[in-house]
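The structure under discussion appears below in the form of structure tokens.
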Amino acid sequence: MPQTMPHNLDHHTPMMQQYLTLKADYPHALVLYRMGDFYELFFDDAKLAADILGITLTRRGNDKQGNTIPMAGVPFHSADGYIARLINAGQTVVVCEQVEEEKPEYGSEENPEHNLEDNIAATDTAAKSIAKKTSKTKANAAKIMERKVVRTLTAGTLTDDSLITQGQTPTVVAISFAKQQMSVGLAQLDLAQGQIRVTELNCDSHTALQSELANALARFDPSEVLIDEQLSEAWQHFLQDCLSANSPTASLPPILSQPHSYFLPNNALEHLTQHLSVTTLAGFGIEQKPLAISSASVVLHYGKQTQQADLRHIRSLQLEHNGDFLQLDTISQQNLEIFKPVLASGISLLSVIDHCQTPMGKRALVHHLHRPLRNVTLINRRLDAVEQLMTLPIAAFELLKQTLSEISDIERIGGRIGLGSAKPTDLLKLRLSLAQALALSKQLQQYFDFNNITTLSADTPLLAMLSKQLPDLALTDSFANIYALLEQAIVDEPPAHIRDGGMIKKGYDPQLDELQNLHGNIEQTLEALAVQERQKNNLPMLKVGFNKVSGFYFELSALQAKNAPEYFTRRQTLKNAERFITPALKTIEESYLSAQGQALTLEKRIYENLLGQLKSQLGDVQRLAKAIGYLDVLANWVSLTRLQNRSHHNKNWCRPLFNTKDDTASLNIQGGRHIVVEAGQQRQAHHQRPSLDPFVANDCVMGTANQLERLMLITGPNMGGKSTYMRQTALIVLLACCGAYVPAQSVTLGRIERIFTRIGSADDLASGKSTFMVEMIETANIMNQANANSLVLMDEVGRGTSTQDGLAIAHACVNYLAEKIGCLTLFATHYFELTELAERHPKMFNQHLVTQEINGQLLLLHKIAPGATHRSFGLHVAKMAGLPQALLVQAQYYLDNHSEQKSLPNNPLPYPSEDEKQMGLDLQSAAADYQTLKTDEYKLNQQLQALNPDELTPKQALEFIYSLKELLKKA
Ligand SMILES: Nc1ncnc2c1ncn2[C@@H]1O[C@H](COP(=O)(O)OP(=O)(O)OP(=O)(O)O)[C@@H](O)[C@H]1O
């Protein structure tokens, strides 16, 4: 954090005194100080910004003690990009603007803020530019331009699209701990949505609290975190760990300390009730939740401070319970690559399933993935809506998507209206989007009859509920008012910035029209005066003009200038011409400038009024944005299902069913697939082998009436598909709980409350943890937190240590999971000794990934089947990976002769000679053989499966046998 040392103001010029006084209020932020066309940073701020942005560090002369003042600047017109980079680097940026109107004073080249004050570094282009553009007369020079902090930009409170990284939702989360530290409250502020979400966690043990807090943080996914300045260091470290797990690649969200007094329950209660204009918070369900109250108050304070606004548009406080959601901790989110792939070259689940058409839909999809539901009624409500949308004819559904795609980000526009920072282009987009929302409403009403639904309740079908939030067809609602207002007030091609003026339509305000007429007629007025002067003074070549340096002027050639009358005052000398001002021209200039200034001021006032009117109807816009986002997510599931079902006739997506007869966890997945692996293979197939679609669907049945066992021991060769199988099971459960159709032929789920995964293996060297330590910490978390309604995936636990220790730990884990916890477990292992457990233990069963060995070549069928396997075929995979042949031969020798003795051979096999090497198997071609074999085998299988012997003529049968023999020959 930049922190400028205290300065003695007496040693500085008045302008630097102004800067230092403003900066004193923001010791931990980078202050961008507006000077003409640049934002300048000074002292340590300048050094840090120059470092982060890679811009030149220059100097702004010296103070009166002769000390250099470091300075760095960014151009005002392209500041957004620089600001975004500073924020991404974890900085808070404070923007300090010149609030005085810059009145142009033409004809002088002096600059008071520079010439009279400082010895400006000659290399400083910013200063030079300012010297040119904001020049004033010397008489005016001692006056310093008034400046004010207008915005504080932080990672969690951004609302300007140009500053927000695509796909991100800035949110700030405050965390409030109880003294006893067994309870914690969290509140998340989403400025764009105008909403605060809160939760309070009360646990009976420290570990449980940590685990619940980590889950809540994973769900809230903060861009910035606020804590009590008195929070213990231990908790601060814990939060840091959680947040770095949340964003392993990106920079850590900043953790900022806030005054302890903000967290005090009484202050917080008073602040919240005042803000929401209520006497009690009972209506929000948090009356008895002091930690939720205090954290909500802290985020609100912070929002108000950073936005310098009253945030009146934030009227909604939503209480969440961890228990409402299927919980996935951060590690599982990463392992399953839900939001981000582990490797940059990988594919995330989100990237495969996101076919949303609107920014609101894209964010709502992420929100749903962060909050898969447990409540079956709510899930089915979503699924009913998806099913209903699925009945739309293709053309109607495509039109619906098209309409959605034309709706702008009205959620963020609403947020900016609430903050008073909406631009004229935002308002135009809002108007156009309202028209599209009306079209959407019409399209839905055309196919679904919601007329009989007059009152809305929790039982109202979701699609009807969402349709009712869209503009009504008779246009008698508040949307009609907003639309009419915007249509009357805003021009069809508004300027990008309010400061440019020209956004208010003619006819909206008579006074503005009058001023603009005066302004608009300037050319005729000037020409009339020029005509007069030409005739009066016999100067036929006299020109009249305007520029930013000289203002209005008459121009004569150097030759004619000698004939200029006395009342022509010289303003500027050019190479071949002279420019003059006259009293009459000066009068026109002044009235022109004042009309221009007045029109601009009036236009800004009208615009602010307009924003005020819209603000009073913001609730409707926010509700509409939410409804559109939700509809888009539902349409997204339909798109995905239709797309997949169309492109792969046998790759069905189905509606998941939920077993509500009892509360036990169970899984019955028939023909399940891993949507991300499948998508990756389809992409490859598209480029290489269009006809081959190799993903093999698999069943997973556990804990059901027919399959009472709850712990599946999965064995099989390396690369056999164990991890894929386990992950696809978790993803199907996750998608089902989001209310989506799932990639399977049929799915029935029992009550699953949490998913735990122990899959990855990454060193966490930064925090001093080895691979095995990370593995054991994750395993410990599962053993401590899982219950009978958890789904646990464990991939090769124990592999990070010696075989004996690893086997012992894996053995104990399996027993603990089956005996003590009783959860649904998928346990993949290469310790074949464990498979014997299934014979003795009623809760365990073996499954394996099927392989075939043909002529010494291994064929991976990726098919799961009952029973265990006792070979890992590690050497085959090593061969495919390209290990040297000589090395492989030695490994095989050891395997054949010594693996049983568990000791290394006394006489290792000598390495082959060059000749023998020549004769050895070319590994590249071995890998290629394997691929061909796999392809041919696959074809063989496909052909046999597709064959219906009853439909064959004897000749066809004979030909088929010949073709099979051909294929077999190749294999
Ligand atoms: N059902 C399947 N259908 C088609 N291909 C599959 C299937 N499952 C896995 N694969 C392919 O096999 C590759 C390896 O799968 P996976 O990582 O699941 O194997 P594994 O058994 O866990 O291997 P290891 O024991 O070496 O960790 C995947 O990247 C994928 O390309």
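We name chains A, B, ... following the order of the structure tokens; residues begin at 1 in each chain, and ligands are numbered from 1 as shown.
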Give me the chain A side of the contact with ligand 1, cut-off 9 Å, one line per residue showing its nearest atom pair and distance in Å at one decimal, counting only C-alpha atoms and all ligand atoms, sorted by chain and residue number, as a tab-separated table.
```
residue	atom	partner	partner_atom_place_in_ligand_line	distance
A:Gly672	CA	ligand 1	1 (N)	8.8
A:Arg673	CA	ligand 1	1 (N)	6.8
A:His674	CA	ligand 1	1 (N)	7.4
A:Val677	CA	ligand 1	30 (C)	6.3
A:Glu678	CA	ligand 1	4 (C)	7.4
A:Gly680	CA	ligand 1	31 (O)	8.2
A:Gln681	CA	ligand 1	31 (O)	7.0
A:Asp693	CA	ligand 1	4 (C)	8.6
A:Pro694	CA	ligand 1	4 (C)	5.3
A:Phe695	CA	ligand 1	3 (N)	3.5
A:Val696	CA	ligand 1	3 (N)	3.7
A:Ala697	CA	ligand 1	1 (N)	5.6
A:Asn698	CA	ligand 1	1 (N)	6.6
A:Thr715	CA	ligand 1	21 (O)	8.0
A:Gly716	CA	ligand 1	21 (O)	6.3
A:Pro717	CA	ligand 1	21 (O)	5.9
A:Asn718	CA	ligand 1	26 (O)	3.4
A:Met719	CA	ligand 1	23 (O)	3.5
A:Gly720	CA	ligand 1	21 (O)	3.8
A:Gly721	CA	ligand 1	18 (O)	3.2
A:Lys722	CA	ligand 1	21 (O)	3.7
A:Ser723	CA	ligand 1	18 (O)	3.7
A:Thr724	CA	ligand 1	18 (O)	3.6
A:Tyr725	CA	ligand 1	18 (O)	6.3
A:Met726	CA	ligand 1	18 (O)	7.9
A:Arg727	CA	ligand 1	18 (O)	8.3
A:Asp795	CA	ligand 1	22 (O)	7.7
A:Glu796	CA	ligand 1	25 (O)	8.0
A:Ala828	CA	ligand 1	22 (O)	7.8
A:Thr829	CA	ligand 1	25 (O)	7.8
A:His830	CA	ligand 1	25 (O)	7.4
A:Leu849	CA	ligand 1	21 (O)	7.6
A:Leu860	CA	ligand 1	12 (O)	8.1
A:Leu861	CA	ligand 1	3 (N)	7.4
A:His862	CA	ligand 1	1 (N)	4.7
A:Lys863	CA	ligand 1	1 (N)	6.3
A:Ile864	CA	ligand 1	1 (N)	8.3
A:Ser872	CA	ligand 1	25 (O)	7.7
A:Gly874	CA	ligand 1	26 (O)	7.9
A:Val877	CA	ligand 1	26 (O)	8.0
```
Please produce an output containing C-alpha atoms for each residue in the selection, written as an mmCIF file, in the first residue's frame.
```cif
data_model
loop_
_atom_site.group_PDB
_atom_site.id
_atom_site.type_symbol
_atom_site.label_atom_id
_atom_site.label_comp_id
_atom_site.auth_asym_id
_atom_site.auth_seq_id
_atom_site.Cartn_x
_atom_site.Cartn_y
_atom_site.Cartn_z
ATOM 1 C CA GLY A 672 -23.450 -40.564 -17.526
ATOM 2 C CA ARG A 673 -20.843 -38.510 -19.352
ATOM 3 C CA HIS A 674 -18.187 -35.947 -18.504
ATOM 4 C CA VAL A 677 -13.831 -34.149 -21.426
ATOM 5 C CA GLU A 678 -16.436 -34.910 -24.053
ATOM 6 C CA GLY A 680 -12.558 -31.469 -25.482
ATOM 7 C CA GLN A 681 -12.714 -34.696 -27.478
ATOM 8 C CA ASP A 693 -16.841 -39.729 -31.210
ATOM 9 C CA PRO A 694 -15.170 -41.781 -28.569
ATOM 10 C CA PHE A 695 -16.628 -40.723 -25.228
ATOM 11 C CA VAL A 696 -17.894 -43.819 -23.426
ATOM 12 C CA ALA A 697 -20.945 -43.341 -21.218
ATOM 13 C CA ASN A 698 -20.926 -45.061 -17.826
ATOM 14 C CA THR A 715 -9.380 -49.859 -9.989
ATOM 15 C CA GLY A 716 -8.095 -49.866 -13.489
ATOM 16 C CA PRO A 717 -5.164 -48.973 -15.666
ATOM 17 C CA ASN A 718 -3.504 -45.617 -15.771
ATOM 18 C CA MET A 719 -5.351 -43.484 -18.294
ATOM 19 C CA GLY A 720 -8.285 -45.860 -17.915
ATOM 20 C CA GLY A 721 -10.747 -43.101 -17.009
ATOM 21 C CA LYS A 722 -11.007 -43.386 -13.187
ATOM 22 C CA SER A 723 -10.695 -39.657 -12.506
ATOM 23 C CA THR A 724 -12.968 -38.779 -15.382
ATOM 24 C CA TYR A 725 -15.609 -41.154 -14.061
ATOM 25 C CA MET A 726 -15.455 -39.746 -10.545
ATOM 26 C CA ARG A 727 -15.527 -36.139 -11.713
ATOM 27 C CA ASP A 795 -8.322 -40.261 -6.097
ATOM 28 C CA GLU A 796 -5.294 -42.346 -5.182
ATOM 29 C CA ALA A 828 -9.916 -44.752 -7.003
ATOM 30 C CA THR A 829 -6.749 -46.596 -6.176
ATOM 31 C CA HIS A 830 -3.786 -48.491 -7.552
ATOM 32 C CA LEU A 849 -12.238 -49.725 -15.883
ATOM 33 C CA LEU A 860 -8.445 -48.766 -22.936
ATOM 34 C CA LEU A 861 -12.185 -49.118 -23.255
ATOM 35 C CA HIS A 862 -13.035 -46.490 -20.597
ATOM 36 C CA LYS A 863 -15.978 -48.672 -19.641
ATOM 37 C CA ILE A 864 -16.779 -49.249 -15.981
ATOM 38 C CA SER A 872 -2.242 -50.837 -13.626
ATOM 39 C CA GLY A 874 1.749 -48.405 -15.921
ATOM 40 C CA VAL A 877 1.292 -45.741 -20.460
#
```
Checklist entry - Would you give me, as an MDAnalysis selection string, the residues in stretch 388-570 of chain A that DSSP reads as strand (DSSP E)? => result chainID A and resid 543:547 551:557 569:570
Checklist entry - With distances taken over only C-alpha atoms, which of A:Val797, A:Ala599, A:Asp509, A:Leu826 is nearest to A:Cys700? => result A:Leu826
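With distances restricted to only C-alpha atoms, A:Leu711 is the closest residue to A:Met844 from A:Leu711, A:Leu373, A:Val549, A:Ala192.
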Checklist entry - Which residues, written as a ChimeraX atom specification, have at least one atom at most 7 Å from stretch 90-99 of chain A, with only C-alpha atoms counted and residues fewer than 3 positions away on the same chain left out? => result /A:29-34,86-87,145-154,253-254
Show me, as a PDB file with C-alpha atoms, in the first residue's frame, the residues that have an atom within 12 Å of stretch 284-293 of chain A when counting only C-alpha atoms, minus same-chain residues fewer than 6 positions from it.
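This is the output file around.pdb:
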```pdb
ATOM      1  CA  VAL A 173     -17.526  -8.860   1.595  1.00  0.00           C
ATOM      2  CA  ALA A 174     -17.356  -7.821   5.245  1.00  0.00           C
ATOM      3  CA  ILE A 175     -16.700 -10.451   7.910  1.00  0.00           C
ATOM      4  CA  SER A 176     -17.711  -9.959  11.496  1.00  0.00           C
ATOM      5  CA  PHE A 177     -16.481 -12.393  14.169  1.00  0.00           C
ATOM      6  CA  ALA A 178     -18.047 -12.960  17.563  1.00  0.00           C
ATOM      7  CA  LYS A 179     -15.841 -12.535  20.608  1.00  0.00           C
ATOM      8  CA  GLN A 181     -15.115 -16.875  17.801  1.00  0.00           C
ATOM      9  CA  MET A 182     -17.584 -19.706  17.269  1.00  0.00           C
ATOM     10  CA  SER A 183     -19.840 -17.551  15.129  1.00  0.00           C
ATOM     11  CA  VAL A 184     -19.248 -15.340  12.196  1.00  0.00           C
ATOM     12  CA  GLY A 185     -21.347 -13.053  10.015  1.00  0.00           C
ATOM     13  CA  LEU A 186     -20.686 -12.291   6.356  1.00  0.00           C
ATOM     14  CA  ALA A 187     -22.253  -9.657   4.136  1.00  0.00           C
ATOM     15  CA  GLN A 188     -21.666  -9.210   0.434  1.00  0.00           C
ATOM     16  CA  ILE A 196     -26.643  -6.998   0.084  1.00  0.00           C
ATOM     17  CA  ARG A 197     -26.527 -10.717   0.867  1.00  0.00           C
ATOM     18  CA  VAL A 198     -25.874 -11.840   4.411  1.00  0.00           C
ATOM     19  CA  THR A 199     -25.271 -15.041   6.245  1.00  0.00           C
ATOM     20  CA  GLU A 200     -24.480 -15.957   9.830  1.00  0.00           C
ATOM     21  CA  LEU A 201     -22.648 -19.123  10.772  1.00  0.00           C
ATOM     22  CA  ASN A 202     -22.898 -20.594  14.240  1.00  0.00           C
ATOM     23  CA  ASP A 228     -12.421  -5.479  11.985  1.00  0.00           C
ATOM     24  CA  TYR A 262     -18.389   0.136  12.583  1.00  0.00           C
ATOM     25  CA  PHE A 263     -18.738  -3.471  13.764  1.00  0.00           C
ATOM     26  CA  LEU A 264     -20.387  -2.682  17.091  1.00  0.00           C
ATOM     27  CA  PRO A 265     -23.878  -4.224  17.055  1.00  0.00           C
ATOM     28  CA  ASN A 266     -25.767  -1.149  18.293  1.00  0.00           C
ATOM     29  CA  ASN A 267     -24.129   1.220  15.828  1.00  0.00           C
ATOM     30  CA  ALA A 268     -24.671  -1.283  13.046  1.00  0.00           C
ATOM     31  CA  LEU A 269     -28.341  -1.807  13.882  1.00  0.00           C
ATOM     32  CA  GLU A 270     -28.983   1.928  13.971  1.00  0.00           C
ATOM     33  CA  HIS A 271     -27.166   2.469  10.684  1.00  0.00           C
ATOM     34  CA  LEU A 272     -29.067  -0.295   8.881  1.00  0.00           C
ATOM     35  CA  THR A 273     -32.518   0.574  10.178  1.00  0.00           C
ATOM     36  CA  LEU A 276     -33.617   0.996   5.093  1.00  0.00           C
ATOM     37  CA  VAL A 278     -37.466   0.548   9.038  1.00  0.00           C
ATOM     38  CA  VAL A 299     -20.237  -3.113   3.683  1.00  0.00           C
ATOM     39  CA  LEU A 300     -22.844  -0.401   3.434  1.00  0.00           C
ATOM     40  CA  ARG A 315     -33.113  -1.505  -0.446  1.00  0.00           C
ATOM     41  CA  SER A 316     -32.677  -5.242  -0.447  1.00  0.00           C
ATOM     42  CA  LEU A 317     -31.058  -7.429   2.171  1.00  0.00           C
ATOM     43  CA  GLN A 318     -31.126 -11.120   1.459  1.00  0.00           C
ATOM     44  CA  LEU A 319     -30.387 -13.736   4.081  1.00  0.00           C
ATOM     45  CA  GLU A 320     -28.690 -16.946   2.987  1.00  0.00           C
ATOM     46  CA  HIS A 321     -28.061 -20.134   4.963  1.00  0.00           C
TER      47      HIS A 321
END
```
Item to check | Those in stretch 783-912 of chain A with alpha helix (DSSP H) from DSSP, as a PyMOL selection string | outcome: chain A and resi 783-785+803-815+837-840+874-881+885-897
Those residues with N, CA and C atoms, as a compact mmCIF listing (two decimals), in the first residue's frame please?
```txt
# COMPACT_ATOMS: atom_id res chain seq x y z
N MET A 783 -12.40 -36.13 6.30
CA MET A 783 -12.72 -37.05 7.40
C MET A 783 -13.42 -36.30 8.54
N ASN A 784 -13.06 -35.03 8.73
CA ASN A 784 -13.67 -34.27 9.82
C ASN A 784 -15.04 -33.70 9.47
N GLN A 785 -15.26 -33.38 8.18
CA GLN A 785 -16.47 -32.64 7.84
C GLN A 785 -17.55 -33.45 7.15
N THR A 803 5.01 -46.74 -0.26
CA THR A 803 3.91 -47.65 -0.57
C THR A 803 3.25 -48.17 0.70
N GLN A 804 4.11 -48.55 1.69
CA GLN A 804 3.51 -49.12 2.91
C GLN A 804 2.67 -48.10 3.66
N ASP A 805 3.27 -46.91 3.87
CA ASP A 805 2.53 -45.88 4.59
C ASP A 805 1.27 -45.49 3.82
N GLY A 806 1.45 -45.34 2.51
CA GLY A 806 0.33 -44.92 1.66
C GLY A 806 -0.81 -45.92 1.75
N LEU A 807 -0.46 -47.20 1.64
CA LEU A 807 -1.47 -48.25 1.69
C LEU A 807 -2.17 -48.24 3.04
N ALA A 808 -1.39 -48.07 4.09
CA ALA A 808 -1.97 -48.07 5.44
C ALA A 808 -2.97 -46.92 5.58
N ILE A 809 -2.57 -45.75 5.09
CA ILE A 809 -3.47 -44.58 5.21
C ILE A 809 -4.72 -44.79 4.36
N ALA A 810 -4.50 -45.26 3.12
CA ALA A 810 -5.65 -45.47 2.22
C ALA A 810 -6.62 -46.47 2.84
N HIS A 811 -6.07 -47.55 3.39
CA HIS A 811 -6.88 -48.59 4.02
C HIS A 811 -7.73 -48.00 5.16
N ALA A 812 -7.05 -47.21 6.00
CA ALA A 812 -7.75 -46.63 7.14
C ALA A 812 -8.82 -45.65 6.68
N CYS A 813 -8.51 -44.88 5.63
CA CYS A 813 -9.49 -43.91 5.12
C CYS A 813 -10.74 -44.62 4.61
N VAL A 814 -10.51 -45.67 3.83
CA VAL A 814 -11.65 -46.41 3.26
C VAL A 814 -12.55 -46.92 4.38
N ASN A 815 -11.93 -47.52 5.40
CA ASN A 815 -12.72 -48.04 6.52
C ASN A 815 -13.48 -46.93 7.24
N LEU A 837 -11.05 -55.75 0.43
CA LEU A 837 -11.95 -55.26 1.48
C LEU A 837 -13.42 -55.47 1.09
N ALA A 838 -13.67 -55.30 -0.22
CA ALA A 838 -15.06 -55.39 -0.69
C ALA A 838 -15.65 -56.77 -0.41
N GLU A 839 -14.77 -57.79 -0.38
CA GLU A 839 -15.28 -59.14 -0.14
C GLU A 839 -15.74 -59.30 1.31
N ARG A 840 -15.13 -58.51 2.19
CA ARG A 840 -15.44 -58.66 3.62
C ARG A 840 -16.45 -57.62 4.10
N GLY A 874 0.97 -49.65 -15.96
CA GLY A 874 1.75 -48.41 -15.92
C GLY A 874 2.79 -48.35 -17.03
N LEU A 875 3.38 -49.52 -17.33
CA LEU A 875 4.45 -49.51 -18.34
C LEU A 875 3.91 -49.18 -19.73
N HIS A 876 2.69 -49.62 -20.00
CA HIS A 876 2.11 -49.30 -21.31
C HIS A 876 1.95 -47.79 -21.46
N VAL A 877 1.50 -47.20 -20.39
CA VAL A 877 1.29 -45.74 -20.46
C VAL A 877 2.64 -45.04 -20.55
N ALA A 878 3.63 -45.58 -19.79
CA ALA A 878 4.97 -44.98 -19.85
C ALA A 878 5.51 -45.07 -21.27
N LYS A 879 5.20 -46.18 -21.93
CA LYS A 879 5.66 -46.35 -23.31
C LYS A 879 4.99 -45.33 -24.22
N MET A 880 3.69 -45.19 -24.01
CA MET A 880 2.96 -44.21 -24.83
C MET A 880 3.50 -42.81 -24.62
N ALA A 881 3.96 -42.57 -23.39
CA ALA A 881 4.45 -41.22 -23.09
C ALA A 881 5.83 -40.98 -23.68
N GLN A 885 13.29 -46.73 -24.68
CA GLN A 885 13.05 -48.16 -24.77
C GLN A 885 13.90 -48.94 -23.78
N ALA A 886 15.19 -48.54 -23.65
CA ALA A 886 16.09 -49.28 -22.77
C ALA A 886 15.59 -49.22 -21.35
N LEU A 887 15.08 -48.09 -20.99
CA LEU A 887 14.55 -47.92 -19.63
C LEU A 887 13.33 -48.83 -19.42
N LEU A 888 12.49 -48.87 -20.46
CA LEU A 888 11.27 -49.67 -20.34
C LEU A 888 11.60 -51.15 -20.22
N VAL A 889 12.62 -51.57 -20.97
CA VAL A 889 13.00 -52.99 -20.92
C VAL A 889 13.45 -53.34 -19.51
N GLN A 890 14.23 -52.43 -18.91
CA GLN A 890 14.68 -52.68 -17.52
C GLN A 890 13.50 -52.76 -16.57
N ALA A 891 12.57 -51.84 -16.76
CA ALA A 891 11.40 -51.81 -15.87
C ALA A 891 10.63 -53.12 -15.99
N GLN A 892 10.47 -53.59 -17.24
CA GLN A 892 9.73 -54.84 -17.47
C GLN A 892 10.45 -56.01 -16.81
N TYR A 893 11.77 -56.01 -16.92
CA TYR A 893 12.60 -57.07 -16.33
C TYR A 893 12.39 -57.10 -14.82
N TYR A 894 12.38 -55.91 -14.24
CA TYR A 894 12.19 -55.83 -12.79
C TYR A 894 10.80 -56.34 -12.41
N LEU A 895 9.83 -55.91 -13.20
CA LEU A 895 8.45 -56.30 -12.93
C LEU A 895 8.29 -57.81 -12.99
N ASP A 896 8.91 -58.42 -14.03
CA ASP A 896 8.77 -59.86 -14.24
C ASP A 896 9.47 -60.67 -13.16
N ASN A 897 10.62 -60.16 -12.70
CA ASN A 897 11.45 -61.00 -11.85
C ASN A 897 11.49 -60.62 -10.39
```
Could you name the residues that touch stretch 7-9 of chain A at 9 Å or less, counting only C-alpha atoms, but leaving out those on the same chain fewer than 6 positions away, as a CSV table (one decimal) with N, CA and C atoms, in the first residue's frame?
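Contents of result_37.csv, as written:
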```
chain,number,residue,atom,x,y,z
A,16,MET,N,0.8,22.1,-4.4
A,16,MET,CA,1.3,20.9,-3.8
A,16,MET,C,0.7,20.8,-2.4
A,17,GLN,N,0.4,22.0,-1.8
A,17,GLN,CA,-0.2,22.0,-0.5
A,17,GLN,C,-1.7,21.4,-0.6
A,20,LEU,N,-1.3,17.7,-1.1
A,20,LEU,CA,-1.0,17.0,0.2
A,20,LEU,C,-2.1,16.9,1.2
A,21,THR,N,-2.9,18.0,1.2
A,21,THR,CA,-4.0,18.0,2.1
A,21,THR,C,-5.1,17.0,1.7
```
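The smallest atom-to-atom distance between A:Gln436 and any of A:Gly36, A:Gly415, A:Pro461, A:Pro471, using only C-alpha atoms, is found for A:Pro471.
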Item to check | Nearby residues (only C-alpha atoms) at most 7 Å from stretch 399-412 of chain A, same-chain spacing under 6 positions excluded, as a PyMOL selection string | outcome: chain A and resi 159+192-193+357-360+429-430+433+436+440+443+622+625
I need the residues from that last selection saved to file as a PDB file, in the first residue's frame (with N, CA and C atoms), if you can.
```pdb
ATOM      1  N   THR A 159     -18.317  -0.190 -10.860  1.00  0.00           N
ATOM      2  CA  THR A 159     -19.599  -0.336 -11.564  1.00  0.00           C
ATOM      3  C   THR A 159     -19.461   0.076 -13.027  1.00  0.00           C
ATOM      4  N   ALA A 192     -23.756  -3.142  -8.319  1.00  0.00           N
ATOM      5  CA  ALA A 192     -24.467  -3.112  -9.593  1.00  0.00           C
ATOM      6  C   ALA A 192     -25.884  -3.650  -9.420  1.00  0.00           C
ATOM      7  N   GLN A 193     -26.016  -4.705  -8.633  1.00  0.00           N
ATOM      8  CA  GLN A 193     -27.353  -5.283  -8.406  1.00  0.00           C
ATOM      9  C   GLN A 193     -28.131  -4.489  -7.385  1.00  0.00           C
ATOM     10  N   GLN A 357     -27.183 -15.406 -23.262  1.00  0.00           N
ATOM     11  CA  GLN A 357     -27.200 -14.350 -24.274  1.00  0.00           C
ATOM     12  C   GLN A 357     -26.989 -12.961 -23.673  1.00  0.00           C
ATOM     13  N   THR A 358     -27.229 -12.819 -22.381  1.00  0.00           N
ATOM     14  CA  THR A 358     -27.131 -11.482 -21.777  1.00  0.00           C
ATOM     15  C   THR A 358     -26.062 -11.485 -20.683  1.00  0.00           C
ATOM     16  N   PRO A 359     -25.491 -10.308 -20.396  1.00  0.00           N
ATOM     17  CA  PRO A 359     -24.529 -10.250 -19.288  1.00  0.00           C
ATOM     18  C   PRO A 359     -25.183 -10.656 -17.965  1.00  0.00           C
ATOM     19  N   MET A 360     -26.474 -10.307 -17.804  1.00  0.00           N
ATOM     20  CA  MET A 360     -27.159 -10.695 -16.552  1.00  0.00           C
ATOM     21  C   MET A 360     -27.247 -12.210 -16.447  1.00  0.00           C
ATOM     22  N   LYS A 429     -29.412   2.713 -24.064  1.00  0.00           N
ATOM     23  CA  LYS A 429     -29.436   1.242 -24.027  1.00  0.00           C
ATOM     24  C   LYS A 429     -30.597   0.743 -23.170  1.00  0.00           C
ATOM     25  N   LEU A 430     -30.866   1.458 -22.089  1.00  0.00           N
ATOM     26  CA  LEU A 430     -31.973   1.043 -21.219  1.00  0.00           C
ATOM     27  C   LEU A 430     -33.284   1.114 -22.004  1.00  0.00           C
ATOM     28  N   SER A 433     -33.453  -1.658 -24.488  1.00  0.00           N
ATOM     29  CA  SER A 433     -33.616  -2.951 -23.810  1.00  0.00           C
ATOM     30  C   SER A 433     -35.041  -3.128 -23.308  1.00  0.00           C
ATOM     31  N   GLN A 436     -36.977  -4.445 -26.054  1.00  0.00           N
ATOM     32  CA  GLN A 436     -36.718  -5.876 -26.257  1.00  0.00           C
ATOM     33  C   GLN A 436     -37.391  -6.718 -25.172  1.00  0.00           C
ATOM     34  N   LEU A 440     -39.900  -9.765 -25.628  1.00  0.00           N
ATOM     35  CA  LEU A 440     -39.717 -11.050 -24.949  1.00  0.00           C
ATOM     36  C   LEU A 440     -41.014 -11.483 -24.268  1.00  0.00           C
ATOM     37  N   GLN A 443     -43.421 -12.697 -26.805  1.00  0.00           N
ATOM     38  CA  GLN A 443     -43.084 -14.035 -27.335  1.00  0.00           C
ATOM     39  C   GLN A 443     -43.481 -15.128 -26.352  1.00  0.00           C
ATOM     40  N   GLN A 622     -34.306  -3.044 -11.508  1.00  0.00           N
ATOM     41  CA  GLN A 622     -33.498  -4.102 -10.881  1.00  0.00           C
ATOM     42  C   GLN A 622     -34.227  -5.447 -10.951  1.00  0.00           C
ATOM     43  N   ALA A 625     -34.068  -6.741 -14.483  1.00  0.00           N
ATOM     44  CA  ALA A 625     -32.733  -7.266 -14.810  1.00  0.00           C
ATOM     45  C   ALA A 625     -32.583  -8.679 -14.250  1.00  0.00           C
TER      46      ALA A 625
END
```
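By only C-alpha atoms, and with residues fewer than 6 positions from A:Gln388 along its chain excluded, the set lying at most 12 Å from it is A:Asn380, A:Arg381, A:Arg382, A:Phe397, A:Leu444, A:Tyr447, A:Phe448, A:Asp449, A:Pro461, A:Leu462, A:Leu463, A:Ala464, A:Leu631, A:Leu634, A:Ala635, A:Trp637, A:Val638, A:Arg655.
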